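With CSV, C-alpha atoms inside, this is input.csv:
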```
chain,number,residue,atom,x,y,z
A,120,MET,CA,-20.7,-24.6,118.8
A,121,ARG,CA,-21.7,-23.3,122.2
A,122,ARG,CA,-22.7,-19.6,122.3
A,123,GLN,CA,-19.9,-18.8,124.7
A,124,ASP,CA,-17.4,-20.1,122.2
A,125,GLU,CA,-18.6,-17.7,119.4
A,126,GLY,CA,-16.4,-14.8,120.5
A,127,LYS,CA,-13.4,-17.1,120.4
A,128,ILE,CA,-13.8,-18.0,116.8
A,129,TRP,CA,-11.4,-16.8,114.1
A,130,THR,CA,-13.0,-17.7,110.8
A,131,ALA,CA,-10.3,-18.7,108.3
A,132,PRO,CA,-10.7,-17.3,104.8
A,133,ARG,CA,-12.2,-19.4,102.0
A,134,VAL,CA,-9.1,-19.0,100.0
A,135,PHE,CA,-5.5,-18.4,101.3
A,136,SER,CA,-3.9,-16.6,98.5
A,137,LEU,CA,-2.2,-13.3,97.5
A,138,GLY,CA,-3.8,-13.5,94.1
A,139,ALA,CA,-5.7,-10.4,93.1
A,140,LEU,CA,-9.2,-11.8,93.8
A,141,ALA,CA,-8.4,-13.3,97.2
A,142,ARG,CA,-5.8,-11.0,98.6
A,143,ARG,CA,-8.0,-8.4,100.3
A,144,SER,CA,-10.1,-11.0,102.1
A,145,PHE,CA,-7.0,-13.1,103.0
A,146,LEU,CA,-5.0,-10.1,104.4
A,147,ARG,CA,-8.1,-8.9,106.4
A,148,SER,CA,-8.2,-12.4,108.0
A,149,MET,CA,-4.5,-12.1,108.9
A,150,PHE,CA,-5.2,-8.7,110.5
A,151,LEU,CA,-8.1,-10.2,112.6
A,152,LEU,CA,-5.9,-13.2,113.6
A,153,ARG,CA,-3.1,-10.8,114.8
A,154,ASN,CA,-5.7,-8.7,116.6
A,155,LYS,CA,-7.3,-11.6,118.4
A,156,ILE,CA,-4.3,-13.5,119.5
A,157,GLY,CA,-1.5,-10.9,119.5
A,158,VAL,CA,-3.3,-7.7,120.6
A,159,LYS,CA,-6.3,-8.8,122.6
A,160,ARG,CA,-4.7,-12.1,123.7
A,161,GLN,CA,-8.0,-13.9,123.5
A,162,HIS,CA,-8.2,-17.7,123.6
A,163,THR,CA,-9.0,-18.4,120.0
A,164,VAL,CA,-10.4,-21.2,117.9
A,165,LEU,CA,-9.3,-21.2,114.3
A,166,ASP,CA,-12.2,-22.3,112.2
A,167,PHE,CA,-11.2,-23.8,108.9
A,168,SER,CA,-14.5,-25.3,108.1
A,169,ALA,CA,-15.2,-22.9,105.2
A,170,THR,CA,-11.7,-23.0,103.7
A,171,GLU,CA,-11.6,-24.4,100.2
A,172,LYS,CA,-8.1,-23.6,98.9
A,173,MET,CA,-4.6,-22.9,100.2
A,174,SER,CA,-2.2,-21.5,97.7
A,175,ALA,CA,1.5,-21.9,98.5
A,176,GLU,CA,2.1,-18.2,99.1
A,177,GLY,CA,-1.0,-17.8,101.2
A,178,ALA,CA,-0.3,-20.9,103.2
A,179,LEU,CA,3.3,-19.8,103.9
A,180,LEU,CA,2.3,-16.3,105.0
A,181,PHE,CA,-0.4,-17.8,107.3
A,182,LEU,CA,2.0,-20.4,108.8
A,183,ALA,CA,4.6,-17.6,109.4
A,184,GLU,CA,2.0,-15.3,111.1
A,185,LEU,CA,0.7,-18.1,113.3
A,186,ARG,CA,4.1,-19.3,114.4
A,187,ARG,CA,5.1,-15.7,115.2
A,188,LEU,CA,1.9,-15.1,117.2
A,189,ILE,CA,2.3,-18.4,119.1
A,190,TRP,CA,5.9,-17.6,119.9
A,191,HIS,CA,4.9,-14.1,120.9
A,192,VAL,CA,2.2,-15.1,123.4
A,193,LYS,CA,4.4,-17.8,124.8
A,194,GLY,CA,1.6,-20.2,125.9
A,195,GLY,CA,-0.4,-17.4,127.4
A,196,VAL,CA,-3.2,-17.8,124.9
A,197,GLU,CA,-4.9,-21.0,124.0
A,198,VAL,CA,-5.3,-21.6,120.3
A,199,GLY,CA,-7.5,-24.4,119.1
A,200,CYS,CA,-8.8,-25.5,115.8
A,201,ILE,CA,-12.0,-26.6,113.9
A,202,LEU,CA,-10.9,-28.9,111.1
A,203,PRO,CA,-11.8,-28.1,107.5
A,204,HIS,CA,-14.5,-29.9,105.7
A,205,ASN,CA,-12.3,-29.9,102.6
A,206,ASN,CA,-10.1,-32.9,102.7
A,207,LYS,CA,-7.4,-31.4,100.6
A,208,VAL,CA,-7.1,-28.4,102.9
A,209,ALA,CA,-7.0,-30.7,105.9
A,210,GLN,CA,-4.1,-32.6,104.3
A,211,VAL,CA,-2.3,-29.4,103.6
A,212,LEU,CA,-2.7,-28.2,107.2
A,213,LYS,CA,-1.2,-31.5,108.4
A,214,GLN,CA,1.6,-31.5,105.9
A,215,ILE,CA,2.8,-28.0,106.6
A,216,GLY,CA,2.7,-28.5,110.3
A,217,VAL,CA,-0.2,-26.3,111.3
A,218,LEU,CA,-2.1,-29.1,113.1
A,219,ASP,CA,1.0,-30.2,115.0
A,220,LEU,CA,1.7,-26.5,115.9
A,221,LEU,CA,-1.8,-26.4,117.4
A,222,SER,CA,-1.4,-29.8,119.1
A,223,VAL,CA,-4.4,-31.1,117.2
A,224,SER,CA,-4.7,-34.8,117.2
A,225,SER,CA,-6.4,-36.1,114.1
A,226,SER,CA,-6.4,-39.1,111.8
A,227,ILE,CA,-5.6,-36.9,108.8
A,228,VAL,CA,-2.8,-38.4,106.7
A,229,PRO,CA,-1.5,-36.5,103.7
A,230,VAL,CA,-1.7,-38.8,100.7
A,231,ASP,CA,-2.5,-36.7,97.7
A,232,ASP,CA,0.4,-36.2,95.2
A,233,ASP,CA,-0.1,-32.4,95.2
A,234,VAL,CA,0.1,-32.4,99.1
A,235,ILE,CA,2.9,-34.8,100.0
A,236,ASN,CA,5.3,-32.8,97.8
A,237,TRP,CA,5.0,-29.7,100.0
A,238,ARG,CA,8.2,-29.3,102.0
A,239,THR,CA,8.9,-26.7,104.6
A,240,ALA,CA,11.9,-25.0,106.2
A,241,HIS,CA,12.4,-22.3,108.8
A,242,GLY,CA,15.4,-20.5,110.2
A,243,ARG,CA,16.9,-17.4,111.9
A,244,LEU,CA,20.3,-17.4,110.1
A,245,VAL,CA,21.7,-17.8,106.6
A,246,LEU,CA,21.7,-21.6,106.5
A,247,GLY,CA,22.6,-23.0,103.1
A,248,GLU,CA,21.9,-26.6,104.3
A,249,LYS,CA,18.2,-25.7,104.6
A,250,TYR,CA,18.1,-25.6,100.8
A,251,ASP,CA,18.4,-29.3,100.8
A,252,ASP,CA,15.5,-29.7,103.2
A,253,ILE,CA,13.2,-28.6,100.5
A,254,LEU,CA,15.0,-29.0,97.2
A,255,GLU,CA,17.5,-31.9,97.4
A,256,HIS,CA,14.6,-34.1,96.2
A,257,TYR,CA,14.9,-32.4,92.8
A,258,ASP,CA,18.6,-33.2,92.3
A,259,GLY,CA,18.9,-34.7,88.8
A,260,ALA,CA,15.3,-33.7,87.9
A,261,ILE,CA,16.2,-30.0,87.3
A,262,ALA,CA,19.4,-28.8,85.6
A,263,GLU,CA,22.5,-28.3,87.8
A,264,VAL,CA,22.8,-24.7,86.6
A,265,LEU,CA,19.3,-24.0,87.8
A,266,GLN,CA,19.9,-25.7,91.1
A,267,ASP,CA,23.0,-23.4,91.4
A,268,LYS,CA,20.9,-20.3,90.7
A,269,LEU,CA,18.2,-21.4,93.1
A,270,TYR,CA,20.7,-22.0,95.9
A,271,THR,CA,22.2,-18.6,95.2
A,272,GLY,CA,18.8,-16.8,95.1
A,273,ILE,CA,17.5,-18.5,98.2
A,274,THR,CA,20.6,-17.9,100.3
A,275,GLU,CA,20.8,-14.3,99.2
A,276,ALA,CA,17.1,-13.9,100.3
A,277,MET,CA,18.2,-15.3,103.7
A,278,THR,CA,21.1,-12.9,103.8
A,279,ASN,CA,18.7,-10.0,103.0
A,280,VAL,CA,16.5,-11.1,105.9
A,281,ILE,CA,19.4,-11.3,108.4
A,282,ASN,CA,21.0,-8.0,107.3
A,283,HIS,CA,18.0,-5.8,106.4
A,284,ALA,CA,14.4,-7.0,106.9
A,285,TYR,CA,14.2,-6.7,110.7
A,286,ASP,CA,16.1,-3.4,111.1
A,287,LEU,CA,12.9,-1.6,111.6
A,288,GLU,CA,9.8,-2.6,113.7
A,289,ARG,CA,7.0,-4.3,111.8
A,290,ASP,CA,3.9,-2.1,111.3
A,291,ASP,CA,1.5,-4.5,113.0
A,292,GLY,CA,1.0,-2.9,116.4
A,293,LEU,CA,2.5,-5.9,118.2
A,294,ASP,CA,5.5,-5.3,120.4
A,295,VAL,CA,7.3,-8.5,119.3
A,296,LYS,CA,10.9,-8.9,120.3
A,297,VAL,CA,12.8,-9.2,117.0
A,298,GLU,CA,13.8,-12.6,115.9
A,299,LYS,CA,15.1,-12.7,112.3
A,300,ASP,CA,12.9,-15.5,111.1
A,301,TRP,CA,12.4,-16.7,107.6
A,302,TRP,CA,10.1,-19.4,106.3
A,303,MET,CA,10.2,-21.4,103.1
A,304,PHE,CA,8.1,-23.8,101.1
A,305,SER,CA,8.6,-25.9,98.1
A,306,GLN,CA,5.7,-27.5,96.2
A,307,GLN,CA,5.4,-29.5,93.0
A,308,MET,CA,2.2,-29.3,91.1
A,309,ASN,CA,1.0,-29.5,87.5
A,310,GLY,CA,4.5,-29.8,86.2
A,311,PHE,CA,5.8,-26.8,88.0
A,312,LEU,CA,8.1,-26.4,91.0
A,313,THR,CA,7.0,-23.6,93.3
A,314,ILE,CA,9.3,-22.2,95.9
A,315,VAL,CA,8.1,-19.5,98.3
A,316,PHE,CA,10.3,-17.7,100.8
A,317,CYS,CA,9.0,-15.0,103.3
A,318,ASP,CA,9.9,-12.9,106.3
A,319,LEU,CA,7.7,-10.8,108.5
A,320,GLY,CA,10.0,-7.8,108.6
A,321,ALA,CA,9.6,-4.1,107.8
A,322,GLY,CA,9.5,-4.7,104.0
A,323,ILE,CA,11.7,-3.5,101.2
A,324,PRO,CA,9.9,-0.1,100.7
A,325,ARG,CA,10.6,0.8,104.4
A,326,THR,CA,14.1,-0.5,104.8
A,327,LEU,CA,15.5,0.6,101.4
A,328,PRO,CA,15.8,4.4,102.2
A,329,ALA,CA,18.1,3.7,105.1
A,330,LYS,CA,19.9,0.6,103.7
A,331,ARG,CA,20.5,1.6,100.1
A,332,ALA,CA,20.5,5.4,100.2
A,333,SER,CA,21.9,5.8,96.7
A,334,VAL,CA,19.1,3.8,95.2
A,335,TRP,CA,16.5,5.7,97.3
A,336,ARG,CA,17.9,9.0,96.0
A,337,LYS,CA,17.4,7.8,92.4
A,338,ILE,CA,13.8,6.7,93.2
A,339,LEU,CA,13.0,10.1,94.7
A,340,LYS,CA,14.5,11.8,91.7
A,341,GLY,CA,12.1,9.8,89.5
A,342,GLY,CA,9.2,10.9,91.7
A,343,ARG,CA,7.5,7.4,91.8
A,344,THR,CA,7.6,6.1,95.4
A,345,SER,CA,4.8,3.6,95.7
A,346,ASP,CA,5.7,0.3,97.2
A,347,ALA,CA,5.5,-1.3,93.8
A,348,ASP,CA,7.8,1.4,92.3
A,349,VAL,CA,10.3,0.9,95.0
A,350,ILE,CA,10.5,-2.9,94.7
A,351,LYS,CA,10.7,-2.6,90.9
A,352,PHE,CA,13.4,0.0,90.9
A,353,ALA,CA,15.4,-1.9,93.5
A,354,ALA,CA,15.2,-5.2,91.7
A,355,GLU,CA,16.0,-3.8,88.3
A,356,ASP,CA,18.8,-1.6,89.6
A,357,SER,CA,20.3,-4.6,91.3
A,358,VAL,CA,20.1,-6.7,88.1
A,359,SER,CA,21.6,-4.2,85.8
A,360,ARG,CA,24.1,-2.6,88.0
A,361,THR,CA,27.8,-3.2,87.4
A,362,ARG,CA,29.7,-4.7,90.3
A,363,LYS,CA,30.9,-1.3,91.5
A,364,GLU,CA,28.9,-1.5,94.7
A,365,TYR,CA,29.5,-4.6,96.8
A,366,ARG,CA,26.2,-4.7,98.7
A,367,GLY,CA,22.6,-5.0,97.8
A,368,LYS,CA,22.9,-7.3,94.8
A,369,GLY,CA,20.8,-10.0,96.4
A,370,LEU,CA,17.6,-8.9,94.7
A,371,GLY,CA,19.2,-9.2,91.3
A,372,GLN,CA,20.2,-12.8,92.1
A,373,ILE,CA,16.7,-13.5,93.3
A,374,VAL,CA,15.3,-12.3,90.0
A,375,ARG,CA,18.1,-14.0,87.9
A,376,VAL,CA,16.9,-17.4,89.0
A,377,VAL,CA,14.3,-17.4,86.2
A,378,SER,CA,16.4,-15.7,83.5
A,379,GLY,CA,16.5,-17.8,80.3
A,380,LEU,CA,13.5,-19.9,81.4
A,381,PRO,CA,10.5,-18.7,79.2
A,382,GLN,CA,7.8,-20.3,81.3
A,383,ALA,CA,9.4,-19.5,84.7
A,384,SER,CA,8.4,-16.6,86.8
A,385,VAL,CA,9.3,-14.8,90.0
A,386,GLN,CA,7.1,-12.4,92.1
A,387,ILE,CA,8.5,-10.2,94.9
A,388,PHE,CA,5.7,-9.1,97.2
A,389,SER,CA,6.7,-6.5,99.8
A,390,ASN,CA,4.2,-4.6,101.9
A,391,ARG,CA,1.7,-3.0,99.5
A,392,GLY,CA,3.5,-3.8,96.2
A,393,VAL,CA,4.5,-6.6,94.0
A,394,TYR,CA,7.0,-6.9,91.2
A,395,SER,CA,7.0,-9.8,88.8
A,396,VAL,CA,9.0,-11.2,86.0
A,397,THR,CA,7.6,-13.8,83.7
A,398,GLY,CA,9.9,-14.7,80.7
A,399,GLY,CA,11.0,-11.3,79.5
A,400,SER,CA,7.9,-9.5,80.8
A,401,LYS,CA,8.1,-7.3,83.9
A,402,GLN,CA,5.1,-6.0,85.8
A,403,SER,CA,4.4,-4.3,89.0
A,404,ALA,CA,1.2,-3.5,91.0
A,405,SER,CA,0.2,-1.7,94.1
A,406,TYR,CA,-2.5,-2.6,96.5
A,407,GLY,CA,-4.3,-0.8,99.3
A,408,ASP,CA,-3.3,-3.5,101.9
A,409,SER,CA,0.0,-4.7,103.1
A,410,ILE,CA,1.4,-8.2,103.6
A,411,LEU,CA,3.7,-6.6,106.3
A,412,GLY,CA,6.8,-8.3,105.2
A,413,THR,CA,8.4,-9.7,102.0
A,414,LEU,CA,7.5,-12.8,100.1
A,415,ILE,CA,9.3,-14.2,97.1
A,416,PHE,CA,7.6,-16.7,94.9
A,417,TRP,CA,9.4,-18.6,92.2
A,418,ARG,CA,7.6,-20.8,89.7
A,419,ILE,CA,9.7,-23.0,87.5
A,420,PRO,CA,8.7,-25.6,84.9
A,421,LEU,CA,9.9,-29.1,85.5
A,422,PRO,CA,11.0,-31.2,82.6
A,423,VAL,CA,8.0,-33.3,81.5
A,424,LYS,CA,9.8,-36.6,81.2
A,425,GLU,CA,11.8,-36.1,84.4
A,426,ALA,CA,9.0,-34.7,86.6
A,427,VAL,CA,9.5,-36.3,90.0
B,104,MET,CA,51.4,-24.2,97.1
B,105,ILE,CA,48.2,-25.0,98.9
B,106,THR,CA,44.8,-26.1,97.6
B,107,ILE,CA,41.6,-25.1,99.4
B,108,ARG,CA,38.7,-27.2,98.4
B,109,ILE,CA,35.7,-25.2,99.7
B,110,ALA,CA,33.2,-28.1,99.6
B,111,LYS,CA,35.6,-30.4,101.6
B,112,ASP,CA,37.7,-28.0,103.7
B,113,PHE,CA,35.0,-25.5,104.6
B,114,SER,CA,31.4,-26.4,103.7
B,115,ARG,CA,29.2,-27.6,100.9
B,116,TYR,CA,26.8,-24.8,101.9
B,117,PRO,CA,28.7,-21.5,101.8
B,118,ALA,CA,26.3,-18.6,102.3
B,119,GLY,CA,26.0,-15.2,103.8
B,120,ARG,CA,28.4,-12.3,104.2
B,121,TYR,CA,29.3,-11.9,107.9
B,122,VAL,CA,30.1,-14.4,110.7
B,123,VAL,CA,26.9,-13.3,112.4
B,124,ASP,CA,24.9,-14.2,109.3
B,125,GLY,CA,25.4,-17.9,109.7
B,126,PRO,CA,28.0,-20.7,110.1
B,127,TYR,CA,29.6,-20.7,106.6
B,128,SER,CA,29.8,-17.0,105.7
B,129,GLY,CA,32.3,-15.3,103.4
B,130,GLU,CA,33.9,-13.6,106.3
B,131,HIS,CA,34.4,-16.9,108.1
B,132,PHE,CA,35.9,-18.5,105.1
B,133,ARG,CA,38.3,-15.6,104.5
B,134,THR,CA,39.4,-15.5,108.2
B,135,LYS,CA,39.6,-19.3,108.7
B,136,LEU,CA,41.2,-20.4,105.4
B,137,LEU,CA,42.0,-17.7,102.9
B,138,VAL,CA,44.0,-15.2,104.9
B,139,PRO,CA,46.2,-17.8,106.6
B,140,ALA,CA,46.9,-19.5,103.3
B,141,ILE,CA,47.7,-16.2,101.5
B,142,GLN,CA,50.0,-15.2,104.3
B,143,ALA,CA,51.9,-18.5,104.3
B,144,GLN,CA,52.0,-19.5,100.7
B,145,ASP,CA,53.2,-18.2,97.3
B,146,LYS,CA,50.3,-19.9,95.5
B,147,VAL,CA,46.8,-20.6,96.8
B,148,VAL,CA,44.5,-22.6,94.6
B,149,VAL,CA,40.8,-22.3,95.6
B,150,ASP,CA,38.7,-25.1,94.2
B,151,MET,CA,35.1,-23.9,94.0
B,152,ASP,CA,33.5,-27.1,92.7
B,153,GLY,CA,31.3,-29.4,94.8
B,154,ALA,CA,29.5,-26.7,96.8
B,155,ARG,CA,25.8,-26.0,96.3
B,156,GLY,CA,26.5,-22.5,95.0
B,157,TYR,CA,27.8,-19.1,95.8
B,158,GLY,CA,25.9,-15.9,96.4
B,159,SER,CA,27.4,-12.5,95.8
B,160,SER,CA,27.4,-11.7,99.5
B,161,PHE,CA,29.7,-14.7,100.2
B,162,LEU,CA,32.0,-14.1,97.3
B,163,GLU,CA,32.4,-10.4,97.8
B,164,GLU,CA,33.1,-10.7,101.5
B,165,ALA,CA,35.5,-13.6,101.1
B,166,PHE,CA,37.6,-12.1,98.2
B,167,GLY,CA,36.7,-8.4,98.0
B,168,GLY,CA,37.2,-8.4,101.8
B,169,LEU,CA,40.9,-9.3,101.4
B,170,VAL,CA,41.4,-5.8,99.8
B,171,ARG,CA,39.5,-4.1,102.6
B,172,LEU,CA,41.8,-5.9,105.1
B,173,GLY,CA,44.8,-4.3,103.4
B,174,PHE,CA,46.0,-7.0,101.0
B,175,VAL,CA,47.4,-5.5,97.8
B,176,LYS,CA,45.3,-6.4,94.8
B,177,GLU,CA,48.3,-7.4,92.6
B,178,VAL,CA,49.5,-9.7,95.4
B,179,ILE,CA,46.1,-11.3,95.7
B,180,LYS,CA,45.9,-11.8,92.0
B,181,ARG,CA,49.4,-13.2,91.8
B,182,LYS,CA,48.9,-15.7,94.6
B,183,LEU,CA,45.3,-16.7,94.0
B,184,GLU,CA,44.2,-19.3,91.4
B,185,ILE,CA,40.5,-20.0,91.1
B,186,HIS,CA,39.5,-23.4,89.8
B,187,ALA,CA,35.8,-23.6,88.9
B,188,THR,CA,33.8,-25.6,86.3
B,189,ASN,CA,31.5,-22.6,86.2
B,190,ALA,CA,33.8,-20.1,84.5
B,191,SER,CA,31.7,-17.1,85.4
B,192,LEU,CA,32.7,-17.6,89.1
B,193,LYS,CA,36.3,-16.7,88.3
B,194,GLN,CA,35.2,-13.5,86.5
B,195,GLU,CA,32.9,-12.6,89.4
B,196,ILE,CA,35.7,-13.0,92.0
B,197,ASP,CA,38.1,-10.9,89.8
B,198,ASP,CA,35.4,-8.2,89.6
B,199,TYR,CA,35.0,-8.2,93.4
B,200,ILE,CA,38.8,-7.9,94.0
B,201,ASN,CA,39.1,-5.1,91.4
B,202,SER,CA,36.1,-3.2,92.8
B,203,ALA,CA,37.0,-3.4,96.4
B,204,GLN,CA,38.7,-0.5,98.1
B,205,PRO,CA,41.1,-0.6,101.1
B,206,ALA,CA,39.2,0.2,104.3
```

Encoding of this model in structure tokens:
Amino acid sequence: MRRQDEGKIWTAPRVFSLGALARRSFLRSMFLLRNKIGVKRQHTVLDFSATEKMSAEGALLFLAELRRLIWHVKGGVEVGCILPHNNKVAQVLKQIGVLDLLSVSSSIVPVDDDVINWRTAHGRLVLGEKYDDILEHYDGAIAEVLQDKLYTGITEAMTNVINHAYDLERDDGLDVKVEKDWWMFSQQMNGFLTIVFCDLGAGIPRTLPAKRASVWRKILKGGRTSDADVIKFAAEDSVSRTRKEYRGKGLGQIVRVVSGLPQASVQIFSNRGVYSVTGGSKQSASYGDSILGTLIFWRIPLPVKEAV
Amino acid sequence: MITIRIAKDFSRYPAGRYVVDGPYSGEHFRTKLLVPAIQAQDKVVVDMDGARGYGSSFLEEAFGGLVRLGFVKEVIKRKLEIHATNASLKQEIDDYINSAQPA
């Protein structure tokens, strides 16, 4: 690397993940990426040479941030790339479209089973047909009733994005003209189907007080207002509520996808909090850093004999 | 009597609440197919099978939205017949009609 290039470098994290061990470092890297390209508008080289692992949720959040930044600067900032040493990571970057987004020509061809099964979708409306882009492949492999619940959960997540997520400005210091983007991945690995859905909006803890005032009043009454508490309360209220109110049930349908599936789980990350349901067990946690948006992560066991 | 087969006559991918949400929203379905059918017919059969699925936003706006438009609940229930292999859909639609209030 030439000395004059050093200031251009954005060093990609070793692990792209929202898992407890990697989250802080990963989100710090996302902050630096936004700062370099979006705020300072510096020509930037994304250096993936030290990256060893890309989890589905980390990869999706990164792809969403990068697409948003490139859209924001509209060609005014050059963004290049140093390819990873890790072959698996290189295949993932090719498969999910990062290398094409950066116009990187390479001989990398995704061939590994746990890479070629990554499928991606992106949209700015509630588009049910996008479901088939990432999940039609599993028709016949997973039960029809589960497909039905997944379609419902995913399209309700899209509806939440279009109607709520972008009503407030994102807290990232960028003056980005609002487009109601969502991004989605599916991935099959180790006998599980993973589906990740995200937006880069204001996050549930910020939009809920205005969009679901009655729920917010209940939260205030309980005195627990951390991001994790807000997501937890909103999701559980949405699941248990009778159908007296006709709006805001989407979170319940997002959680219900995994009901009755002992090994399945769903995690709802929003800003500084996460709420997760695994089997009958519910947990929530708060962090000091924010993902600046909402990300939903379903993990569903595939039938062993029918794994596709 | 008229039969509306959602998957064939509207879309295999119904989703979203309002027209601005996307191309196959509950509001669009109600406006394009449901309201004209209820206004013109004594019996309207809605066949729900064949679509990918139905979120609460779509169903509530399509059917609960009839009440907000001014249709009388008893008239809606008398005219409307829901055919669905998934029996819970019929219950869910009934609930939305019962819960909705005229605007």

### Task
Find the spatial neighbours of Val376 in chain A, counting all atoms listed in the file, within a cut-off of 12 Å - ignore same-chain residues fewer than 3 positions away - and output them as number ranges by chain.
A: 264-276, 314, 358, 369-373, 379-381, 383-386, 396-398, 415-419; B: 158

Counting all atoms listed in the file, I want the residues whose atoms come within 12 Å of (-6.3, -37.6, 105.1) in the file frame, returned as a JSON list (two decimals) with C-alpha atoms, in the frame of the given file.
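result32.json written:
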```json
[["chain", "number", "residue", "atom", "x", "y", "z"],
["A", 202, "LEU", "CA", -10.90, -28.90, 111.10],
["A", 203, "PRO", "CA", -11.80, -28.10, 107.50],
["A", 204, "HIS", "CA", -14.50, -29.90, 105.70],
["A", 205, "ASN", "CA", -12.30, -29.90, 102.60],
["A", 206, "ASN", "CA", -10.10, -32.90, 102.70],
["A", 207, "LYS", "CA", -7.40, -31.40, 100.60],
["A", 208, "VAL", "CA", -7.10, -28.40, 102.90],
["A", 209, "ALA", "CA", -7.00, -30.70, 105.90],
["A", 210, "GLN", "CA", -4.10, -32.60, 104.30],
["A", 211, "VAL", "CA", -2.30, -29.40, 103.60],
["A", 212, "LEU", "CA", -2.70, -28.20, 107.20],
["A", 213, "LYS", "CA", -1.20, -31.50, 108.40],
["A", 214, "GLN", "CA", 1.60, -31.50, 105.90],
["A", 225, "SER", "CA", -6.40, -36.10, 114.10],
["A", 226, "SER", "CA", -6.40, -39.10, 111.80],
["A", 227, "ILE", "CA", -5.60, -36.90, 108.80],
["A", 228, "VAL", "CA", -2.80, -38.40, 106.70],
["A", 229, "PRO", "CA", -1.50, -36.50, 103.70],
["A", 230, "VAL", "CA", -1.70, -38.80, 100.70],
["A", 231, "ASP", "CA", -2.50, -36.70, 97.70],
["A", 234, "VAL", "CA", 0.10, -32.40, 99.10],
["A", 235, "ILE", "CA", 2.90, -34.80, 100.00]]
```

Item to complete: Please provide the set of residues having any atom within 10 Å of Gly125 in chain B, restricted to all atoms listed in the file, with same-chain residues fewer than 2 positions apart removed, written as a VMD selection string.
Response: (chain A and resid 243 to 247 277 to 278 281) or (chain B and resid 117 to 123 127 to 129 131)

Residues of chain B within 12 Å of chain A: nearest atom pair and distance (Å, one decimal) for each, counting only C-alpha atoms, sorted by chain and number, as a Markdown table?
```
| residue | atom | partner | partner_atom | distance |
| --- | --- | --- | --- | --- |
| B:Ser114 | CA | A:Gly247 | CA | 9.5 |
| B:Arg115 | CA | A:Glu248 | CA | 8.1 |
| B:Tyr116 | CA | A:Gly247 | CA | 4.7 |
| B:Pro117 | CA | A:Gly247 | CA | 6.4 |
| B:Ala118 | CA | A:Gly247 | CA | 5.8 |
| B:Gly119 | CA | A:Thr278 | CA | 5.4 |
| B:Arg120 | CA | A:Thr278 | CA | 7.3 |
| B:Tyr121 | CA | A:Asn282 | CA | 9.2 |
| B:Val122 | CA | A:Val245 | CA | 9.9 |
| B:Val123 | CA | A:Leu244 | CA | 8.1 |
| B:Asp124 | CA | A:Val245 | CA | 5.5 |
| B:Gly125 | CA | A:Val245 | CA | 4.8 |
| B:Pro126 | CA | A:Leu246 | CA | 7.3 |
| B:Tyr127 | CA | A:Leu246 | CA | 8.0 |
| B:Ser128 | CA | A:Val245 | CA | 8.2 |
| B:Gly129 | CA | A:Val245 | CA | 11.4 |
| B:Asp152 | CA | A:Asp267 | CA | 11.2 |
| B:Gly153 | CA | A:Asp267 | CA | 10.8 |
| B:Ala154 | CA | A:Asp267 | CA | 9.1 |
| B:Arg155 | CA | A:Asp267 | CA | 6.2 |
| B:Gly156 | CA | A:Asp267 | CA | 5.1 |
| B:Tyr157 | CA | A:Thr271 | CA | 5.7 |
| B:Gly158 | CA | A:Thr271 | CA | 4.7 |
| B:Ser159 | CA | A:Lys368 | CA | 6.9 |
| B:Ser160 | CA | A:Glu275 | CA | 7.1 |
| B:Phe161 | CA | A:Glu275 | CA | 9.0 |
| B:Leu162 | CA | A:Tyr365 | CA | 9.8 |
| B:Glu163 | CA | A:Tyr365 | CA | 6.6 |
| B:Glu164 | CA | A:Tyr365 | CA | 8.5 |
| B:Ala165 | CA | A:Tyr365 | CA | 11.6 |
| B:Phe166 | CA | A:Tyr365 | CA | 11.1 |
| B:Gly167 | CA | A:Tyr365 | CA | 8.2 |
| B:Gly168 | CA | A:Tyr365 | CA | 9.9 |
| B:Arg171 | CA | A:Tyr365 | CA | 11.6 |
| B:Thr188 | CA | A:Val264 | CA | 11.0 |
| B:Asn189 | CA | A:Val264 | CA | 9.0 |
| B:Ser191 | CA | A:Val264 | CA | 11.8 |
| B:Leu192 | CA | A:Asp267 | CA | 11.5 |
| B:Gln194 | CA | A:Arg362 | CA | 11.1 |
| B:Glu195 | CA | A:Arg362 | CA | 8.6 |
| B:Ile196 | CA | A:Arg362 | CA | 10.4 |
| B:Asp197 | CA | A:Arg362 | CA | 10.5 |
| B:Asp198 | CA | A:Arg362 | CA | 6.7 |
| B:Tyr199 | CA | A:Arg362 | CA | 7.1 |
| B:Ile200 | CA | A:Tyr365 | CA | 10.3 |
| B:Asn201 | CA | A:Lys363 | CA | 9.0 |
| B:Ser202 | CA | A:Lys363 | CA | 5.7 |
| B:Ala203 | CA | A:Tyr365 | CA | 7.6 |
| B:Gln204 | CA | A:Tyr365 | CA | 10.2 |
```

If you measure from CA of Ser405 in chain A to CA of Asp348 in chain A, what distance in Å do you get, rounded to one decimal?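 Atom-to-atom, CA of Ser405 in chain A to CA of Asp348 in chain A, that is 8.4 Å.
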
* Atomic distance CA of Lys146 in chain B - CA of Lys180 in chain B, expressed in Å with one decimal ->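 CA of Lys180 in chain B lies at a distance of 9.9 Å from CA of Lys146 in chain B.
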
* **From B:Ala110, B:Ala206, B:Val170, B:Ile105, residue lying nearest Ile141 in chain B [all atoms listed in the file]** =>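 For Ile141 in chain B, the nearest of the candidates is B:Ile105.
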
CA of Ile387 in chain A to CA of Asp232 in chain A measures 27.2 Å

Please provide as a PyMOL selection string all residues within 10 Å of range 294-302 of chain A, with the sequence filter that same-chain residues fewer than 6 positions apart are discarded (counting all atoms listed in the file). chain A and resi 157-158+179-180+182-183+187-188+190-192+239-245+276-277+280-288+315-320+413-414
